[in-house]
Amino acid sequence: MHRFSKKVSRLIEEGSTRGATTFNFVADCLSRCKAKHTGCLPQSGIAKYPTRMLRIKEHCVQLVELQTPSPMDYICLAHRWVPQDPSHHGYEVSRRCCTLKSNILRHKDGIQMEDLLPAYRDAVILTSALGLQYLWIDSLCIIQDDQYDKEIQIANMGNVYLNSYMTIATDTYRHHTETFFSERPWQWRAHKESIHIANGSECGVYFRERPDHSLGWTGIFERGW
Ligand SMILES: [Zn+2]
């Protein structure tokens, strides 16, 4: 449903959410948060940081183990997994992007960008765009077939999210084998149109349809962390 004619408008905003408009918006929100929200700052004395993180390099991410977890800025990814059912079409792909006892050394050497799940690649892109180097993703930072490690890490999960610089909550897709960036519907992009005002001079007006900000994945608000 377009409420205006495409012919007379000029697109001035990127079509994809994977671009500078999004990255700048997030960076602005974060700097406002840092400057004004005292409640969002890490609480001294209770901070517990992750023991493993993904360090972003130029062409890969490396799984790093921190002997003495220390305060640092990192981003968390909250995402939906492919159903853990071997008959699901995305199961095998998803499984290849888990840290297991058999591949942890390989993940410490580095996971190539093209081997990451699309949602993970997107999180790397956003983290880098915000000038950060560390990312925490559960399937890669917890050894998935090590019950002992899982118990320790899951017990600390609340702290991992609590102390993150930001959490990316992917609401728009079915699961992590899909990208979470998307194409903006045409009517939600900013458009410019020239109008003549009373004194005869011309000025530009920017307009768009009001986007629906309701979230599709209500499950995000039902999680424990
Ligand atoms: Zn805040």
# chains A, B, ... in the order shown; residues from 1 in each chain; ligands from 1
>>> residues_near_ligand(ligand="ligand 1", cutoff="8 Å", atoms="only C-alpha atoms and all ligand atoms", output="MDAnalysis selection string")
chainID A and resid 30 32:34 36:41
>>> residues_around(residues="stretch 179-184 of chain A", least_positions_apart="5", cutoff="9 Å", atoms="only C-alpha atoms", output="PDB file with N, CA and C atoms, in the first residue's frame")
ATOM      1  N   GLU A  14      19.124   3.962   2.441  1.00  0.00           N
ATOM      2  CA  GLU A  14      19.502   2.656   1.916  1.00  0.00           C
ATOM      3  C   GLU A  14      18.327   1.690   1.932  1.00  0.00           C
ATOM      4  N   GLY A  15      18.287   0.838   0.920  1.00  0.00           N
ATOM      5  CA  GLY A  15      17.224  -0.146   0.861  1.00  0.00           C
ATOM      6  C   GLY A  15      17.407  -1.246   1.894  1.00  0.00           C
ATOM      7  N   SER A  16      18.659  -1.625   2.148  1.00  0.00           N
ATOM      8  CA  SER A  16      18.915  -2.723   3.084  1.00  0.00           C
ATOM      9  C   SER A  16      19.216  -2.184   4.469  1.00  0.00           C
ATOM     10  N   THR A  17      18.815  -2.934   5.478  1.00  0.00           N
ATOM     11  CA  THR A  17      19.153  -2.529   6.848  1.00  0.00           C
ATOM     12  C   THR A  17      20.630  -2.820   7.152  1.00  0.00           C
ATOM     13  N   ARG A  18      21.303  -3.496   6.218  1.00  0.00           N
ATOM     14  CA  ARG A  18      22.731  -3.787   6.405  1.00  0.00           C
ATOM     15  C   ARG A  18      23.545  -2.635   5.818  1.00  0.00           C
ATOM     16  N   LEU A 117      27.401 -19.113  10.175  1.00  0.00           N
ATOM     17  CA  LEU A 117      25.989 -19.033   9.801  1.00  0.00           C
ATOM     18  C   LEU A 117      25.671 -17.586   9.436  1.00  0.00           C
ATOM     19  N   PRO A 118      24.724 -17.368   8.530  1.00  0.00           N
ATOM     20  CA  PRO A 118      24.414 -15.996   8.102  1.00  0.00           C
ATOM     21  C   PRO A 118      24.163 -15.034   9.268  1.00  0.00           C
ATOM     22  N   ALA A 119      23.414 -15.455  10.269  1.00  0.00           N
ATOM     23  CA  ALA A 119      23.123 -14.549  11.391  1.00  0.00           C
ATOM     24  C   ALA A 119      24.398 -14.219  12.166  1.00  0.00           C
ATOM     25  N   TYR A 120      25.318 -15.158  12.238  1.00  0.00           N
ATOM     26  CA  TYR A 120      26.570 -14.927  12.962  1.00  0.00           C
ATOM     27  C   TYR A 120      27.442 -13.937  12.177  1.00  0.00           C
ATOM     28  N   ARG A 121      27.438 -14.117  10.849  1.00  0.00           N
ATOM     29  CA  ARG A 121      28.200 -13.194   9.986  1.00  0.00           C
ATOM     30  C   ARG A 121      27.648 -11.779  10.149  1.00  0.00           C
ATOM     31  N   ASP A 122      26.322 -11.660  10.191  1.00  0.00           N
ATOM     32  CA  ASP A 122      25.699 -10.342  10.380  1.00  0.00           C
ATOM     33  C   ASP A 122      26.141  -9.729  11.706  1.00  0.00           C
ATOM     34  N   ALA A 123      26.188 -10.558  12.755  1.00  0.00           N
ATOM     35  CA  ALA A 123      26.588 -10.048  14.074  1.00  0.00           C
ATOM     36  C   ALA A 123      28.039  -9.568  14.039  1.00  0.00           C
ATOM     37  N   THR A 170      17.741 -10.939  17.724  1.00  0.00           N
ATOM     38  CA  THR A 170      17.286 -11.118  16.344  1.00  0.00           C
ATOM     39  C   THR A 170      15.833 -11.564  16.339  1.00  0.00           C
ATOM     40  N   ASP A 171      14.995 -10.650  15.964  1.00  0.00           N
ATOM     41  CA  ASP A 171      13.563 -10.888  16.068  1.00  0.00           C
ATOM     42  C   ASP A 171      12.924 -11.213  14.721  1.00  0.00           C
ATOM     43  N   THR A 172      13.668 -10.937  13.642  1.00  0.00           N
ATOM     44  CA  THR A 172      12.999 -10.901  12.342  1.00  0.00           C
ATOM     45  C   THR A 172      13.095 -12.181  11.527  1.00  0.00           C
ATOM     46  N   TYR A 173      13.758 -13.172  12.006  1.00  0.00           N
ATOM     47  CA  TYR A 173      13.935 -14.340  11.145  1.00  0.00           C
ATOM     48  C   TYR A 173      13.536 -15.635  11.875  1.00  0.00           C
ATOM     49  N   ARG A 189      11.026   3.735   3.709  1.00  0.00           N
ATOM     50  CA  ARG A 189      12.263   4.493   3.523  1.00  0.00           C
ATOM     51  C   ARG A 189      11.930   5.976   3.464  1.00  0.00           C
TER      52      ARG A 189
END
>>> select_by_dssp(residues="stretch 52-157 of chain A", states="strand (DSSP E or B)", output="list in words")
Arg52, Met53, Leu54, Arg55, Ile56, Cys60, Val61, Gln62, Leu63, Val64, Glu65, Tyr74, Ile75, Cys76, Leu77, Ala78, Ile111, Gln112, Tyr134, Leu135 and Trp136 of chain A
>>> atom_distance(atom1="atom CA of A:Leu140", atom2="atom CA of A:Cys97")
6.9 Å
>>> closest_atom_pairs(of="stretch 104-203 of chain A", to="stretch 60-79 of chain A", cutoff="7 Å", atoms="only C-alpha atoms", output="tab-separated table")
residue	atom	partner	partner_atom	distance
A:His107	CA	A:Leu63	CA	5.5
A:Lys108	CA	A:Leu63	CA	4.5
A:Asp109	CA	A:Gln62	CA	6.0
A:Gly110	CA	A:Gln62	CA	4.2
A:Ile111	CA	A:Cys60	CA	5.3
A:Gln112	CA	A:Cys60	CA	4.3
A:Met113	CA	A:Cys60	CA	5.1
A:Ala123	CA	A:Leu77	CA	6.9
A:Thr127	CA	A:Ile75	CA	6.8
A:Leu132	CA	A:Tyr74	CA	6.8
A:Tyr134	CA	A:Tyr74	CA	4.7
A:Leu135	CA	A:Ile75	CA	4.8
A:Trp136	CA	A:Cys76	CA	4.7
A:Ile137	CA	A:Leu77	CA	5.5
A:Tyr161	CA	A:Cys76	CA	6.6
A:Ser164	CA	A:Tyr74	CA	5.5
A:Tyr165	CA	A:Asp73	CA	5.3
A:Met166	CA	A:Ile75	CA	5.1
A:Thr167	CA	A:Cys76	CA	4.6
A:Ile168	CA	A:Leu77	CA	4.9
A:Ala169	CA	A:Ala78	CA	4.8
A:Thr170	CA	A:His79	CA	5.4
A:His176	CA	A:His79	CA	6.5
>>> select_by_dssp(residues="stretch 34-222 of chain A", states="helix (DSSP H, G or I)", output="PyMOL selection string")
chain A and resi 34-36+38-40+91-96+104-109+113-115+118-129+138-141+147-155+157-162+186-188+218-222
>>> closest_residue(among="A:Arg52, A:His59, A:Val160, A:Ser139", to="A:Glu114", atoms="only C-alpha atoms")
A:His59
>>> residues_around(residues="A:Val205", least_positions_apart="4", cutoff="8 Å", atoms="only C-alpha atoms", output="JSON, numbers by chain")
{"A": [192, 193, 194, 195]}
>>> residues_around(residues="A:Val26", least_positions_apart="5", cutoff="10 Å", atoms="only C-alpha atoms", output="VMD selection string")
chain A and resid 20 to 21 31 to 32 126 129 to 130 166
>>> write_last_selection(atoms="N, CA and C atoms", output="PDB file, in the first residue's frame")
ATOM      1  N   ALA A  20      25.106   1.819   6.512  1.00  0.00           N
ATOM      2  CA  ALA A  20      25.501   2.911   7.409  1.00  0.00           C
ATOM      3  C   ALA A  20      24.319   3.493   8.190  1.00  0.00           C
ATOM      4  N   THR A  21      23.114   3.545   7.579  1.00  0.00           N
ATOM      5  CA  THR A  21      21.968   4.124   8.287  1.00  0.00           C
ATOM      6  C   THR A  21      21.698   3.360   9.581  1.00  0.00           C
ATOM      7  N   SER A  31      25.663   5.675  22.276  1.00  0.00           N
ATOM      8  CA  SER A  31      26.360   6.790  22.936  1.00  0.00           C
ATOM      9  C   SER A  31      25.395   7.535  23.862  1.00  0.00           C
ATOM     10  N   ARG A  32      24.108   7.586  23.494  1.00  0.00           N
ATOM     11  CA  ARG A  32      23.120   8.194  24.409  1.00  0.00           C
ATOM     12  C   ARG A  32      23.002   7.341  25.667  1.00  0.00           C
ATOM     13  N   LEU A 126      28.037  -6.156  12.273  1.00  0.00           N
ATOM     14  CA  LEU A 126      27.531  -5.080  13.140  1.00  0.00           C
ATOM     15  C   LEU A 126      28.537  -4.756  14.248  1.00  0.00           C
ATOM     16  N   ALA A 129      31.327  -2.834  12.759  1.00  0.00           N
ATOM     17  CA  ALA A 129      30.889  -1.482  12.372  1.00  0.00           C
ATOM     18  C   ALA A 129      30.818  -0.562  13.590  1.00  0.00           C
ATOM     19  N   LEU A 130      30.580  -1.132  14.764  1.00  0.00           N
ATOM     20  CA  LEU A 130      30.510  -0.324  15.981  1.00  0.00           C
ATOM     21  C   LEU A 130      31.896  -0.151  16.613  1.00  0.00           C
ATOM     22  N   MET A 166      26.274  -4.548  24.430  1.00  0.00           N
ATOM     23  CA  MET A 166      24.973  -4.507  23.754  1.00  0.00           C
ATOM     24  C   MET A 166      24.595  -5.946  23.415  1.00  0.00           C
TER      25      MET A 166
END
>>> decode(residues="stretch 160-185 of chain A", atoms="N, CA and C atoms", output="short mmCIF file (atom, residue, chain, number, x, y, z; two decimals), in the first residue's frame")
data_model
loop_
_atom_site.label_atom_id
_atom_site.label_comp_id
_atom_site.auth_asym_id
_atom_site.auth_seq_id
_atom_site.Cartn_x
_atom_site.Cartn_y
_atom_site.Cartn_z
N VAL A 160 26.69 -12.97 31.55
CA VAL A 160 27.24 -12.70 30.21
C VAL A 160 26.38 -11.65 29.50
N TYR A 161 25.06 -11.83 29.58
CA TYR A 161 24.17 -10.84 28.95
C TYR A 161 24.16 -9.53 29.74
N LEU A 162 24.17 -9.62 31.05
CA LEU A 162 24.13 -8.42 31.89
C LEU A 162 25.30 -7.49 31.61
N ASN A 163 26.48 -8.06 31.39
CA ASN A 163 27.69 -7.24 31.25
C ASN A 163 28.05 -6.93 29.80
N SER A 164 27.22 -7.37 28.86
CA SER A 164 27.56 -7.09 27.47
C SER A 164 27.38 -5.60 27.18
N TYR A 165 28.17 -5.12 26.25
CA TYR A 165 28.06 -3.73 25.82
C TYR A 165 26.71 -3.52 25.14
N MET A 166 26.27 -4.55 24.43
CA MET A 166 24.97 -4.51 23.75
C MET A 166 24.59 -5.95 23.41
N THR A 167 23.31 -6.23 23.38
CA THR A 167 22.85 -7.54 22.91
C THR A 167 22.03 -7.35 21.64
N ILE A 168 22.40 -8.10 20.62
CA ILE A 168 21.62 -8.08 19.38
C ILE A 168 20.53 -9.13 19.55
N ALA A 169 19.28 -8.72 19.58
CA ALA A 169 18.17 -9.66 19.72
C ALA A 169 17.53 -9.80 18.35
N THR A 170 17.74 -10.94 17.72
CA THR A 170 17.29 -11.12 16.34
C THR A 170 15.83 -11.56 16.34
N ASP A 171 15.00 -10.65 15.96
CA ASP A 171 13.56 -10.89 16.07
C ASP A 171 12.92 -11.21 14.72
N THR A 172 13.67 -10.94 13.64
CA THR A 172 13.00 -10.90 12.34
C THR A 172 13.09 -12.18 11.53
N TYR A 173 13.76 -13.17 12.01
CA TYR A 173 13.93 -14.34 11.15
C TYR A 173 13.54 -15.64 11.88
N ARG A 174 13.49 -16.74 11.12
CA ARG A 174 13.04 -17.99 11.73
C ARG A 174 14.13 -18.61 12.60
N HIS A 175 15.34 -18.63 12.07
CA HIS A 175 16.46 -19.17 12.86
C HIS A 175 17.78 -18.70 12.26
N HIS A 176 18.88 -19.10 12.93
CA HIS A 176 20.17 -18.50 12.65
C HIS A 176 20.82 -18.89 11.32
N THR A 177 20.16 -19.72 10.52
CA THR A 177 20.72 -19.97 9.19
C THR A 177 20.25 -18.90 8.20
N GLU A 178 19.51 -17.91 8.69
CA GLU A 178 19.06 -16.81 7.83
C GLU A 178 19.72 -15.52 8.28
N THR A 179 19.84 -14.57 7.35
CA THR A 179 20.38 -13.25 7.69
C THR A 179 19.34 -12.47 8.49
N PHE A 180 19.79 -11.64 9.44
CA PHE A 180 18.80 -10.82 10.15
C PHE A 180 18.69 -9.41 9.59
N PHE A 181 19.57 -9.07 8.66
CA PHE A 181 19.36 -7.81 7.94
C PHE A 181 18.26 -8.06 6.90
N SER A 182 17.60 -7.00 6.48
CA SER A 182 16.52 -7.21 5.52
C SER A 182 16.40 -6.00 4.61
N GLU A 183 15.59 -6.15 3.58
CA GLU A 183 15.29 -5.02 2.68
C GLU A 183 14.17 -4.21 3.31
N ARG A 184 14.38 -2.88 3.38
CA ARG A 184 13.30 -2.04 3.92
C ARG A 184 12.18 -1.95 2.90
N PRO A 185 10.95 -2.16 3.32
CA PRO A 185 9.85 -1.92 2.39
C PRO A 185 9.92 -0.47 1.89
#
